[in-house]
Every structure is written in structure tokens, then in C-alpha cells.
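J.: Okay, handing you the structure first.
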Amino acid sequence: MLSFVLRRLAVAIPTLVLVSMLVFGLQKLLPGDPVLAMAGEDRDPQVIEQLRERYGFNDPVPVQYVHWAERVLQGDLGTSLRTHQTVTTLLAEKLPPTIELAVLSMLIALAIGIPTGILSAVRKGTWTDHLANVVALSGLSIPHFWLGILLILLFSVTLHWLPAVGYVPFGGDPAANLVAMIMPSVVVGGGLAAALMRHTRSAMLGVLKSDYVRTARAKGLLSPAVILRHAFRNALFPIVTMSTLLFGELLGGAVLTEQVFTIPGFGKLIVDAVFNRDYAVVQGVVLCVAAAFLLLNLIADVVYMLINPRLRRPR
């Protein structure tokens, strides 16, 4: 197991380097000049030249990348050109709300999507299957921002049960934090549950047609044991893969949901950074998200080995 993890890390590091090079190079193609925005309305040529020299924009792009990579290896992701805060500080501020939203949304999606997908596959062709598919397609089709506004109108404006917008840090008031995160988590988790339901149903339908499932039933095993112990376990591979990808996307920021509920997360940070040509912030956020994706893929591979013991055998 340890050797497998080390091999995966050996592959992940060059991937992360390649991602950083692509992001650093492609963002130079963005229209506009951040130095002109920093120089103010007067745009004094002397000030502009000083700013270019200060932030290294006069150097060739490869040289700029090398200097940036050296600072990253030392734990310095740079400084925001707009707020003059360190990128590390901004990430530390914006990451907790996004992680919390991602975790809560994923828990809701797993709790709803997987059982519904299993039930839909087991009862294929019945009214239960048709109803589950209609609900899943509705969940995939409804825009998050529209559903969020409807929930605000119902539970905040009409019933006065939940706060409409805002974010309360978990460390400051855990109860208020969870209450404020209910609606955004349901909005995001509902869409993820629909996607997981469809993938779970598809995976289960394929496994339920297998010979070993028919053999288990022929031996007289009870249906729940066949479904959960035999069929579902072998259907977990695409479900784990899908869950990993969805969670990784959430770590990149649920932009529309964060905007509707005014959650200060990664989504708003990356959008503002792109519009403001804040190169250091864009690089830091993308590098962080890419590292998270690689880590999630590694976790998924380890889960595969735990699910299927045959993968642990040395090759």
C-alpha cells in the first residue's frame, strides 16, 4: 500500500508542475494590464515602470515563472495586486467556507443519491424507478441560483425560519453557522444527489445482470444481502470516481450559490481575481484546487484497493 501511494505521489508532482506552468503561461494571455489598473487614473509612466520593475513584469515569462516557483517552494504564494494581502492569507480566509459547503453538500448528496439510485435500479421499470428518474432529472435541470432564490423566499421571507444570506464562522457560533449553511448546502447537494443517483442506478443495473448475482440469488441468499454485500460493493468504483470529481469541483467554489447566499468562499475569490487581473491570486487558487484534485484522486485509488482486495496484489 505504501509503495503504491509513493508511486502515485511521484506521478502527481510532475502533474502539479505542469498545471502550474499552464496556468502561469495562459493567464498572461488575458486582456488588460494589471499594472495600469494599479497605477491609478493618472498613469504616470514613471510609476508604471516602477511597478513593472517591482513585480518583475519586465522579465521574460519563463524567468517570471522560475522566480514564482522558487517562492512557492518556500511557502510564499505571492501578494495580491489589489488588496496587498498575501495569497496565503486570502486562501486561509476563503477556504474554510468553501470546504464546509463542499462537505455538507456532499453528505446530503451521498445520503440521498446512493440509496435512491440503488432503489431505482432494484425496482427498474416500476413507478418508484420512474419517480426517482423524474426527480433526478429535475434536480439536474434546475439552476442553483434559481432554486436558492426560491428557498430564500420560502424559508426566510415567508416562514422566517432561516437567515436569507450571510456566513457565520463555525468557530464563532457553531449553531448559527450550521443554520446559515442549511439552504446553500441543500441547493448544491440536491444537484449532486441527482447526478449520483443516475450514476448509482446505472452502475447497479450493470452489476445486477452479472452471473455471480444470479448465482447468489440461486443459493437462496436474501435479497438485501445480495444487493448490499455483492452488487453494491462491486458497483462502488464508478460511484467513488463520480463522488471524487464532484467534491473536487466543489472545492473550486460553487460560484453562483456563494453569490446568492453571500458566502465568502473560493468562487467569488477566483472570479474577482480573474476580472481584476490579480495574477498571484489566480495562480494560488488554481494551484490549491489542482493539488486538492490530485489528493482526491489518490484517496479514490486507495479506496479502490480497500473495496477490491485483488488490487492489493503486487504485479
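Scheme for the C-alpha cells: letters A, B, ... for chains in order shown; per-chain residue numbers from 1; ligand numbers from 1 in order shown.
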Dump as a Markdown table the rows for residues of segment 180-289 of chain A within 9 Å of segment 147-150 of chain A: closest atom pair and distance in Å with one decimal, only C-alpha atoms counted, ordered by chain and rising residue number.

T.:
```
| residue | atom | partner | partner_atom | distance |
| --- | --- | --- | --- | --- |
| A:Met183 | CA | A:Gly148 | CA | 7.2 |
| A:Pro184 | CA | A:Gly148 | CA | 7.0 |
| A:Val186 | CA | A:Gly148 | CA | 8.9 |
| A:Val187 | CA | A:Gly148 | CA | 6.1 |
| A:Thr257 | CA | A:Gly148 | CA | 7.1 |
| A:Val260 | CA | A:Gly148 | CA | 6.8 |
| A:Phe261 | CA | A:Gly148 | CA | 7.8 |
```

J.: Put those residues in a file: C-alpha atoms, as an mmCIF file, in the first residue's frame.

T.:
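Contents of the output file part_0.cif:
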```cif
data_model
loop_
_atom_site.group_PDB
_atom_site.id
_atom_site.type_symbol
_atom_site.label_atom_id
_atom_site.label_comp_id
_atom_site.auth_asym_id
_atom_site.auth_seq_id
_atom_site.Cartn_x
_atom_site.Cartn_y
_atom_site.Cartn_z
ATOM 1 C CA MET A 183 -30.039 26.282 2.463
ATOM 2 C CA PRO A 184 -26.839 26.605 0.387
ATOM 3 C CA VAL A 186 -29.347 21.768 0.173
ATOM 4 C CA VAL A 187 -29.130 23.749 -3.071
ATOM 5 C CA THR A 257 -24.510 29.567 -4.823
ATOM 6 C CA VAL A 260 -26.756 34.105 -3.924
ATOM 7 C CA PHE A 261 -26.125 33.389 -0.246
#
```

J.: Residues of segment 221-275 of chain A classed as alpha helix (DSSP H) by DSSP on the backbone are to be reported as a PyMOL selection string.

T.: chain A and resi 223-225+233-234+236-251+255-260+266-275

J.: Any chance you can output those residues with C-alpha atoms as an mmCIF file, in the first residue's frame?

T.:
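Resulting contents of out-v3.cif:
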```
data_model
loop_
_atom_site.group_PDB
_atom_site.id
_atom_site.type_symbol
_atom_site.label_atom_id
_atom_site.label_comp_id
_atom_site.auth_asym_id
_atom_site.auth_seq_id
_atom_site.Cartn_x
_atom_site.Cartn_y
_atom_site.Cartn_z
ATOM 1 C CA SER A 223 -32.269 -10.009 -1.451
ATOM 2 C CA PRO A 224 -30.820 -7.280 0.860
ATOM 3 C CA ALA A 225 -27.675 -9.353 1.358
ATOM 4 C CA ARG A 233 -19.823 -3.347 -3.381
ATOM 5 C CA ASN A 234 -18.886 -4.090 -6.986
ATOM 6 C CA LEU A 236 -18.820 1.288 -5.950
ATOM 7 C CA PHE A 237 -15.996 2.009 -8.401
ATOM 8 C CA PRO A 238 -17.868 4.452 -10.679
ATOM 9 C CA ILE A 239 -19.667 5.895 -7.648
ATOM 10 C CA VAL A 240 -16.364 6.638 -5.878
ATOM 11 C CA THR A 241 -14.953 8.154 -9.066
ATOM 12 C CA MET A 242 -18.006 10.371 -9.549
ATOM 13 C CA SER A 243 -18.052 11.445 -5.897
ATOM 14 C CA THR A 244 -14.363 12.370 -6.058
ATOM 15 C CA LEU A 245 -14.827 14.509 -9.167
ATOM 16 C CA LEU A 246 -17.894 16.261 -7.754
ATOM 17 C CA PHE A 247 -16.163 17.021 -4.461
ATOM 18 C CA GLY A 248 -13.144 18.364 -6.296
ATOM 19 C CA GLU A 249 -15.370 20.685 -8.315
ATOM 20 C CA LEU A 250 -16.951 21.955 -5.106
ATOM 21 C CA LEU A 251 -13.534 22.776 -3.670
ATOM 22 C CA VAL A 255 -19.734 30.446 -7.639
ATOM 23 C CA LEU A 256 -23.470 31.053 -8.166
ATOM 24 C CA THR A 257 -24.510 29.567 -4.823
ATOM 25 C CA GLU A 258 -21.871 31.565 -2.981
ATOM 26 C CA GLN A 259 -23.067 34.725 -4.728
ATOM 27 C CA VAL A 260 -26.756 34.105 -3.924
ATOM 28 C CA PHE A 266 -13.275 30.350 -3.281
ATOM 29 C CA GLY A 267 -15.816 31.007 -6.022
ATOM 30 C CA LYS A 268 -16.054 34.747 -5.504
ATOM 31 C CA LEU A 269 -12.318 34.981 -4.868
ATOM 32 C CA ILE A 270 -11.320 33.393 -8.169
ATOM 33 C CA VAL A 271 -13.914 35.356 -10.196
ATOM 34 C CA ASP A 272 -12.787 38.674 -8.711
ATOM 35 C CA ALA A 273 -9.137 37.759 -9.242
ATOM 36 C CA VAL A 274 -9.682 36.960 -12.934
ATOM 37 C CA PHE A 275 -11.621 40.175 -13.596
#
```

J.: So, counting only C-alpha atoms, which residue among A:Ala290, A:Thr215, A:Ser20, A:Leu154 is closest to Val66 of chain A?

T.: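 Using only C-alpha atoms, Val66 of chain A sits closest to A:Ser20.
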
J.: Neighbours of Ile112 of chain A within 10 Å (only C-alpha atoms; same-chain residues fewer than 2 positions away dropped), as a ChimeraX atom specification?

T.: /A:106-110,114-117,189-190,192-194,196-197

J.: For those residues, write N, CA, C and O atoms to a file as a PDB file, in the first residue's frame.

T.:
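What ended up in result_12.pdb:
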```
ATOM      1  N   MET A 106     -21.857  17.412   0.023  1.00  0.00           N
ATOM      2  CA  MET A 106     -21.527  16.042  -0.350  1.00  0.00           C
ATOM      3  C   MET A 106     -22.212  15.039   0.552  1.00  0.00           C
ATOM      4  O   MET A 106     -22.669  13.982   0.093  1.00  0.00           O
ATOM      5  N   LEU A 107     -22.314  15.347   1.837  1.00  0.00           N
ATOM      6  CA  LEU A 107     -23.021  14.447   2.753  1.00  0.00           C
ATOM      7  C   LEU A 107     -24.494  14.333   2.371  1.00  0.00           C
ATOM      8  O   LEU A 107     -25.066  13.233   2.384  1.00  0.00           O
ATOM      9  N   ILE A 108     -25.107  15.459   2.028  1.00  0.00           N
ATOM     10  CA  ILE A 108     -26.506  15.438   1.590  1.00  0.00           C
ATOM     11  C   ILE A 108     -26.644  14.636   0.303  1.00  0.00           C
ATOM     12  O   ILE A 108     -27.574  13.824   0.149  1.00  0.00           O
ATOM     13  N   ALA A 109     -25.716  14.838  -0.632  1.00  0.00           N
ATOM     14  CA  ALA A 109     -25.787  14.131  -1.908  1.00  0.00           C
ATOM     15  C   ALA A 109     -25.632  12.625  -1.724  1.00  0.00           C
ATOM     16  O   ALA A 109     -26.364  11.833  -2.341  1.00  0.00           O
ATOM     17  N   LEU A 110     -24.690  12.210  -0.877  1.00  0.00           N
ATOM     18  CA  LEU A 110     -24.490  10.781  -0.639  1.00  0.00           C
ATOM     19  C   LEU A 110     -25.686  10.159   0.072  1.00  0.00           C
ATOM     20  O   LEU A 110     -26.108   9.036  -0.252  1.00  0.00           O
ATOM     21  N   ILE A 114     -27.279   7.914  -3.311  1.00  0.00           N
ATOM     22  CA  ILE A 114     -26.929   6.493  -3.372  1.00  0.00           C
ATOM     23  C   ILE A 114     -28.116   5.598  -3.018  1.00  0.00           C
ATOM     24  O   ILE A 114     -28.432   4.671  -3.785  1.00  0.00           O
ATOM     25  N   PRO A 115     -28.821   5.808  -1.898  1.00  0.00           N
ATOM     26  CA  PRO A 115     -29.987   4.950  -1.627  1.00  0.00           C
ATOM     27  C   PRO A 115     -31.055   5.029  -2.722  1.00  0.00           C
ATOM     28  O   PRO A 115     -31.644   4.006  -3.093  1.00  0.00           O
ATOM     29  N   THR A 116     -31.290   6.229  -3.235  1.00  0.00           N
ATOM     30  CA  THR A 116     -32.289   6.382  -4.294  1.00  0.00           C
ATOM     31  C   THR A 116     -31.857   5.660  -5.558  1.00  0.00           C
ATOM     32  O   THR A 116     -32.676   5.022  -6.242  1.00  0.00           O
ATOM     33  N   GLY A 117     -30.580   5.734  -5.898  1.00  0.00           N
ATOM     34  CA  GLY A 117     -30.080   5.025  -7.080  1.00  0.00           C
ATOM     35  C   GLY A 117     -30.195   3.519  -6.937  1.00  0.00           C
ATOM     36  O   GLY A 117     -30.556   2.821  -7.900  1.00  0.00           O
ATOM     37  N   GLY A 189     -26.194  20.328  -2.715  1.00  0.00           N
ATOM     38  CA  GLY A 189     -26.307  18.891  -2.501  1.00  0.00           C
ATOM     39  C   GLY A 189     -27.418  18.258  -3.300  1.00  0.00           C
ATOM     40  O   GLY A 189     -27.312  17.094  -3.721  1.00  0.00           O
ATOM     41  N   GLY A 190     -28.505  19.001  -3.550  1.00  0.00           N
ATOM     42  CA  GLY A 190     -29.601  18.453  -4.345  1.00  0.00           C
ATOM     43  C   GLY A 190     -29.174  18.154  -5.771  1.00  0.00           C
ATOM     44  O   GLY A 190     -29.502  17.095  -6.321  1.00  0.00           O
ATOM     45  N   LEU A 192     -26.060  17.568  -6.762  1.00  0.00           N
ATOM     46  CA  LEU A 192     -25.109  16.462  -6.713  1.00  0.00           C
ATOM     47  C   LEU A 192     -25.819  15.138  -6.479  1.00  0.00           C
ATOM     48  O   LEU A 192     -25.435  14.102  -7.035  1.00  0.00           O
ATOM     49  N   ALA A 193     -26.860  15.147  -5.643  1.00  0.00           N
ATOM     50  CA  ALA A 193     -27.619  13.921  -5.373  1.00  0.00           C
ATOM     51  C   ALA A 193     -28.251  13.384  -6.650  1.00  0.00           C
ATOM     52  O   ALA A 193     -28.289  12.167  -6.874  1.00  0.00           O
ATOM     53  N   ALA A 194     -28.741  14.280  -7.493  1.00  0.00           N
ATOM     54  CA  ALA A 194     -29.338  13.841  -8.756  1.00  0.00           C
ATOM     55  C   ALA A 194     -28.301  13.161  -9.644  1.00  0.00           C
ATOM     56  O   ALA A 194     -28.567  12.113 -10.250  1.00  0.00           O
ATOM     57  N   LEU A 196     -25.449  11.730  -8.646  1.00  0.00           N
ATOM     58  CA  LEU A 196     -25.051  10.471  -8.013  1.00  0.00           C
ATOM     59  C   LEU A 196     -26.119   9.398  -8.167  1.00  0.00           C
ATOM     60  O   LEU A 196     -25.817   8.216  -8.337  1.00  0.00           O
ATOM     61  N   MET A 197     -27.388   9.811  -8.094  1.00  0.00           N
ATOM     62  CA  MET A 197     -28.477   8.848  -8.260  1.00  0.00           C
ATOM     63  C   MET A 197     -28.402   8.193  -9.632  1.00  0.00           C
ATOM     64  O   MET A 197     -28.533   6.969  -9.774  1.00  0.00           O
TER      65      MET A 197
END
```

J.: In Å to one decimal, how far is atom CA of Gly139 of chain A from atom CA of Ala195 of chain A?

T.: 8.3 Å
